[in-house]
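Quick notes on the structure that follows.
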Amino acid sequence: MSQDLSTWLPLGLYLLAILAFVVAVLVLAHLIAPPQHRPVKDLPYESGMQPLGDARQRFDIRYYLVAILFLLFDVELLFLYPWAVAAYAEDGLPPALRDAALLSVLVFLGLLLIGYLYEWAKGGFRWR
């Protein structure tokens, strides 16, 4: 039994030292901290801009359209990267499936190109 206690004693002392350090740092920070409420500190901070007007303004719909288009064309990388890694690795795709995988990726990229051209023609990328 004494063997088990002597094995865990350094670990217990280390844990107590860590807890004492954490409590000491928290108490010290609370004691030397500046006052919590000051006029400048209570102002909202938004990317370095002074807050003007109501925070509940409506966003222009173009903001959401650009965000959706970004997601649409960014998510394609989630599909292309694993294919590229698996297609060209030695133990990746079997040789019989490589042509079929390439064809499916080309169809996928073609559909993305059609969507891109459609959005370009409709003016989805222009910020008026």
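Simple scheme: letters A, B, ... for chains in structure tokens order, numbers from 1 for residues in each chain, numbers from 1 for ligands in the order shown.
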Applying 12 Å and only C-alpha atoms, which residues near Pro82 (chain A) remain after dropping the ones on its own chain fewer than 5 positions away? List them as a compact mmCIF listing (two decimals) with C-alpha atoms, in the first residue's frame.
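For reference, out_27.txt as written:
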```
# COMPACT_ATOMS: atom_id res chain seq x y z
CA GLU A 76 -16.13 22.76 -54.13
CA LEU A 77 -12.67 22.55 -52.58
CA ALA A 87 -6.57 9.85 -57.24
CA TYR A 88 -2.84 10.45 -57.35
CA ALA A 89 -1.71 8.48 -54.32
CA GLY A 92 -5.46 5.54 -53.52
CA LEU A 93 -8.03 4.77 -56.17
CA ALA A 101 -13.54 9.47 -60.86
CA VAL A 105 -14.99 15.47 -61.17
```
List the spatial neighbours of Ala86 (chain A) as a list in words - criterion: any atom at most 12 Å away, only C-alpha atoms, same-chain residues fewer than 6 positions off excluded. Phe79, Leu80, Gly92, Leu93, Pro94, Pro95, Leu97, Arg98, Ala101 and Leu102 of chain A
Write out as a PDB file with N, CA and C atoms, in the first residue's frame each polymer residue whose atoms come within 12 Å of region 59-75 of chain A, counting only C-alpha atoms; drop sequence neighbours fewer than 6 positions from it.
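Generated file (selection_4.pdb):
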```pdb
ATOM      1  N   TYR A  81     -10.342  18.393 -53.037  1.00  0.00           N
ATOM      2  CA  TYR A  81      -9.103  18.039 -52.354  1.00  0.00           C
ATOM      3  C   TYR A  81      -9.010  16.540 -52.040  1.00  0.00           C
ATOM      4  N   PHE A 108     -18.658  17.607 -62.305  1.00  0.00           N
ATOM      5  CA  PHE A 108     -18.861  18.492 -61.168  1.00  0.00           C
ATOM      6  C   PHE A 108     -18.321  19.884 -61.461  1.00  0.00           C
ATOM      7  N   LEU A 109     -17.108  19.962 -62.007  1.00  0.00           N
ATOM      8  CA  LEU A 109     -16.532  21.264 -62.346  1.00  0.00           C
ATOM      9  C   LEU A 109     -17.305  21.944 -63.466  1.00  0.00           C
ATOM     10  N   LEU A 111     -20.562  21.687 -63.948  1.00  0.00           N
ATOM     11  CA  LEU A 111     -21.762  22.257 -63.316  1.00  0.00           C
ATOM     12  C   LEU A 111     -21.421  23.527 -62.546  1.00  0.00           C
ATOM     13  N   LEU A 112     -20.288  23.540 -61.876  1.00  0.00           N
ATOM     14  CA  LEU A 112     -19.870  24.758 -61.176  1.00  0.00           C
ATOM     15  C   LEU A 112     -19.584  25.881 -62.165  1.00  0.00           C
ATOM     16  N   LEU A 113     -18.997  25.545 -63.305  1.00  0.00           N
ATOM     17  CA  LEU A 113     -18.719  26.556 -64.317  1.00  0.00           C
ATOM     18  C   LEU A 113     -20.022  27.122 -64.877  1.00  0.00           C
ATOM     19  N   ILE A 114     -21.011  26.268 -65.092  1.00  0.00           N
ATOM     20  CA  ILE A 114     -22.310  26.746 -65.566  1.00  0.00           C
ATOM     21  C   ILE A 114     -22.932  27.690 -64.535  1.00  0.00           C
ATOM     22  N   GLY A 115     -22.872  27.319 -63.247  1.00  0.00           N
ATOM     23  CA  GLY A 115     -23.396  28.191 -62.197  1.00  0.00           C
ATOM     24  C   GLY A 115     -22.643  29.503 -62.126  1.00  0.00           C
ATOM     25  N   TYR A 116     -21.331  29.450 -62.299  1.00  0.00           N
ATOM     26  CA  TYR A 116     -20.512  30.662 -62.270  1.00  0.00           C
ATOM     27  C   TYR A 116     -20.874  31.585 -63.430  1.00  0.00           C
ATOM     28  N   TYR A 118     -23.675  31.644 -65.083  1.00  0.00           N
ATOM     29  CA  TYR A 118     -25.040  32.136 -64.873  1.00  0.00           C
ATOM     30  C   TYR A 118     -25.037  33.329 -63.919  1.00  0.00           C
ATOM     31  N   GLU A 119     -24.310  33.209 -62.812  1.00  0.00           N
ATOM     32  CA  GLU A 119     -24.250  34.317 -61.852  1.00  0.00           C
ATOM     33  C   GLU A 119     -23.561  35.536 -62.458  1.00  0.00           C
ATOM     34  N   TRP A 120     -22.559  35.310 -63.266  1.00  0.00           N
ATOM     35  CA  TRP A 120     -21.868  36.410 -63.918  1.00  0.00           C
ATOM     36  C   TRP A 120     -22.800  37.124 -64.882  1.00  0.00           C
ATOM     37  N   GLY A 123     -25.330  39.255 -63.119  1.00  0.00           N
ATOM     38  CA  GLY A 123     -24.773  40.377 -62.358  1.00  0.00           C
ATOM     39  C   GLY A 123     -24.646  40.090 -60.879  1.00  0.00           C
ATOM     40  N   GLY A 124     -24.548  38.825 -60.499  1.00  0.00           N
ATOM     41  CA  GLY A 124     -24.447  38.472 -59.095  1.00  0.00           C
ATOM     42  C   GLY A 124     -23.138  38.881 -58.454  1.00  0.00           C
ATOM     43  N   PHE A 125     -22.114  39.102 -59.268  1.00  0.00           N
ATOM     44  CA  PHE A 125     -20.810  39.467 -58.716  1.00  0.00           C
ATOM     45  C   PHE A 125     -20.578  40.975 -58.723  1.00  0.00           C
ATOM     46  N   ARG A 126     -21.514  41.731 -59.244  1.00  0.00           N
ATOM     47  CA  ARG A 126     -21.368  43.186 -59.259  1.00  0.00           C
ATOM     48  C   ARG A 126     -21.967  43.772 -57.982  1.00  0.00           C
ATOM     49  N   TRP A 127     -21.209  44.616 -57.339  1.00  0.00           N
ATOM     50  CA  TRP A 127     -21.699  45.299 -56.146  1.00  0.00           C
ATOM     51  C   TRP A 127     -22.119  46.688 -56.592  1.00  0.00           C
ATOM     52  N   ARG A 128     -23.383  46.895 -56.717  1.00  0.00           N
ATOM     53  CA  ARG A 128     -23.911  48.138 -57.299  1.00  0.00           C
ATOM     54  C   ARG A 128     -23.711  49.305 -56.388  1.00  0.00           C
TER      55      ARG A 128
END
```
